[in-house]
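Below you'll find the structure, written out as structure tokens, and then a few comments.
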Amino acid sequence: MEEKDSKKIPEHNCNEHVRYDGGQKINRDGVRIWVETYYCRICGRRLDIKEEILD
């Protein structure tokens, strides 16, 4: 069992509980980039970030 914010979190496989943030468009030094972030629904751990250059 892990503890996060004083709550007990049962052991789990984060890859079975993936949550997608919906993606967002950002501007990094004048380059437009689409960023998608994937999290675990249970513990909130960031699992993956995918970036794609739009320009």
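Letters A, B, ... go to the chains of the structure tokens in the order shown; residues in each chain start at 1; ligands are counted from 1 in the same order.
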Item to check | Nearby residues (only C-alpha atoms) at most 12 Å from Arg32 (chain A), same-chain spacing under 5 positions excluded, as a ChimeraX atom specification | outcome: /A:24-27,51-55
Item to check | d(CA of Lys50 (chain A), CA of Pro10 (chain A)) in Å | outcome: 27.9 Å
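Here CA of Val31 (chain A) and CA of Arg46 (chain A) stand 24.0 Å from one another.
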Next on the checklist: Using only C-alpha atoms, can you tell me which of A:Glu11, A:Asp29, A:Glu16, A:Asp21 comes closest to Ile49 (chain A)?
Outcome noted: A:Asp21
Item to check | Computed interatomic separation between CA of Cys14 (chain A) and CA of Glu36 (chain A) (Å) | outcome: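 So the answer is 17.1 Å.
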Checklist entry - Which of chain A counts as strand (DSSP E) under DSSP, as a PyMOL selection string please? => result chain A and resi 2-4+7-9+18-20+24-28+31-40+46-53
Selection from above, N, CA, C and O atoms, as a CSV table (one decimal), in the first residue's frame, can you write it?
chain,number,residue,atom,x,y,z
A,2,GLU,N,0.5,2.2,-0.9
A,2,GLU,CA,1.2,3.5,-0.9
A,2,GLU,C,0.4,4.5,-0.2
A,2,GLU,O,-0.8,4.3,0.0
A,3,GLU,N,1.0,5.5,0.3
A,3,GLU,CA,0.2,6.6,0.9
A,3,GLU,C,0.4,7.9,0.1
A,3,GLU,O,1.5,8.2,-0.3
A,4,LYS,N,-0.7,8.5,-0.2
A,4,LYS,CA,-0.7,9.8,-0.9
A,4,LYS,C,-1.7,10.7,-0.3
A,4,LYS,O,-2.9,10.3,-0.2
A,7,LYS,N,-4.1,9.3,2.3
A,7,LYS,CA,-5.1,8.3,2.0
A,7,LYS,C,-4.4,7.0,1.6
A,7,LYS,O,-3.3,7.1,0.9
A,8,LYS,N,-4.9,5.9,1.9
A,8,LYS,CA,-4.3,4.6,1.5
A,8,LYS,C,-4.8,4.3,0.1
A,8,LYS,O,-6.0,4.4,-0.2
A,9,ILE,N,-3.8,4.0,-0.7
A,9,ILE,CA,-4.1,3.6,-2.1
A,9,ILE,C,-3.7,2.2,-2.3
A,9,ILE,O,-2.6,1.8,-2.1
A,18,VAL,N,-5.6,4.4,-17.2
A,18,VAL,CA,-5.1,5.6,-17.9
A,18,VAL,C,-6.2,6.6,-18.1
A,18,VAL,O,-7.3,6.3,-18.5
A,19,ARG,N,-5.9,7.9,-17.8
A,19,ARG,CA,-6.8,9.0,-18.0
A,19,ARG,C,-6.1,10.0,-19.0
A,19,ARG,O,-4.9,10.3,-18.8
A,20,TYR,N,-6.7,10.5,-20.0
A,20,TYR,CA,-6.2,11.4,-21.0
A,20,TYR,C,-6.7,12.8,-20.6
A,20,TYR,O,-7.9,13.0,-20.3
A,24,GLN,N,-3.7,19.8,-25.3
A,24,GLN,CA,-3.7,21.2,-25.4
A,24,GLN,C,-2.7,21.8,-26.4
A,24,GLN,O,-1.7,21.1,-26.6
A,25,LYS,N,-3.0,22.9,-26.9
A,25,LYS,CA,-2.1,23.6,-27.8
A,25,LYS,C,-1.2,24.6,-27.1
A,25,LYS,O,-1.8,25.4,-26.3
A,26,ILE,N,0.1,24.5,-27.2
A,26,ILE,CA,1.0,25.4,-26.5
A,26,ILE,C,1.9,26.1,-27.6
A,26,ILE,O,2.1,25.6,-28.7
A,27,ASN,N,2.4,27.2,-27.2
A,27,ASN,CA,3.4,27.9,-28.1
A,27,ASN,C,4.7,27.9,-27.4
A,27,ASN,O,4.9,28.5,-26.3
A,28,ARG,N,5.7,27.2,-27.9
A,28,ARG,CA,7.0,27.1,-27.3
A,28,ARG,C,8.0,27.8,-28.2
A,28,ARG,O,8.3,27.3,-29.3
A,31,VAL,N,6.8,28.2,-31.8
A,31,VAL,CA,6.4,27.0,-32.5
A,31,VAL,C,5.2,26.4,-31.8
A,31,VAL,O,5.2,26.2,-30.6
A,32,ARG,N,4.1,26.2,-32.6
A,32,ARG,CA,2.9,25.6,-32.0
A,32,ARG,C,3.0,24.1,-31.9
A,32,ARG,O,3.4,23.4,-32.8
A,33,ILE,N,2.7,23.6,-30.7
A,33,ILE,CA,2.9,22.2,-30.4
A,33,ILE,C,1.6,21.7,-29.7
A,33,ILE,O,1.0,22.4,-28.9
A,34,TRP,N,1.1,20.5,-30.1
A,34,TRP,CA,0.0,19.8,-29.5
A,34,TRP,C,0.6,18.9,-28.5
A,34,TRP,O,1.4,18.0,-28.8
A,35,VAL,N,0.1,19.0,-27.2
A,35,VAL,CA,0.6,18.2,-26.1
A,35,VAL,C,-0.5,17.4,-25.5
A,35,VAL,O,-1.5,17.9,-25.2
A,36,GLU,N,-0.3,16.0,-25.5
A,36,GLU,CA,-1.3,15.1,-24.8
A,36,GLU,C,-0.6,14.5,-23.6
A,36,GLU,O,0.5,14.0,-23.7
A,37,THR,N,-1.3,14.5,-22.5
A,37,THR,CA,-0.7,14.0,-21.3
A,37,THR,C,-1.6,12.9,-20.8
A,37,THR,O,-2.8,13.1,-20.8
A,38,TYR,N,-1.0,11.8,-20.3
A,38,TYR,CA,-1.8,10.6,-19.8
A,38,TYR,C,-1.4,10.4,-18.4
A,38,TYR,O,-0.2,10.4,-18.0
A,39,TYR,N,-2.4,10.2,-17.5
A,39,TYR,CA,-2.2,10.1,-16.1
A,39,TYR,C,-2.9,8.8,-15.6
A,39,TYR,O,-3.8,8.2,-16.3
A,40,CYS,N,-2.6,8.3,-14.4
A,40,CYS,CA,-3.3,7.2,-13.8
A,40,CYS,C,-4.5,7.8,-13.0
A,40,CYS,O,-4.3,8.8,-12.3
A,46,ARG,N,1.9,10.7,-13.6
A,46,ARG,CA,2.0,11.0,-15.0
A,46,ARG,C,2.6,9.8,-15.7
A,46,ARG,O,3.7,9.4,-15.4
A,47,LEU,N,1.9,9.3,-16.7
A,47,LEU,CA,2.4,8.1,-17.4
A,47,LEU,C,3.1,8.3,-18.7
A,47,LEU,O,4.1,7.7,-19.0
A,48,ASP,N,2.6,9.3,-19.4
A,48,ASP,CA,3.2,9.6,-20.8
A,48,ASP,C,2.8,11.0,-21.2
A,48,ASP,O,1.8,11.5,-20.9
A,49,ILE,N,3.7,11.5,-22.0
A,49,ILE,CA,3.5,12.8,-22.6
A,49,ILE,C,3.8,12.7,-24.1
A,49,ILE,O,4.9,12.2,-24.5
A,50,LYS,N,2.9,13.1,-25.0
A,50,LYS,CA,3.1,13.0,-26.4
A,50,LYS,C,3.0,14.4,-27.0
A,50,LYS,O,2.1,15.1,-26.7
A,51,GLU,N,4.0,14.8,-27.8
A,51,GLU,CA,4.1,16.1,-28.4
A,51,GLU,C,4.1,16.0,-29.9
A,51,GLU,O,4.8,15.1,-30.4
A,52,GLU,N,3.4,16.9,-30.6
A,52,GLU,CA,3.4,16.9,-32.0
A,52,GLU,C,3.5,18.4,-32.5
A,52,GLU,O,2.8,19.2,-32.0
A,53,ILE,N,4.5,18.7,-33.3
A,53,ILE,CA,4.7,20.0,-33.8
A,53,ILE,C,3.6,20.3,-34.9
A,53,ILE,O,3.4,19.5,-35.8
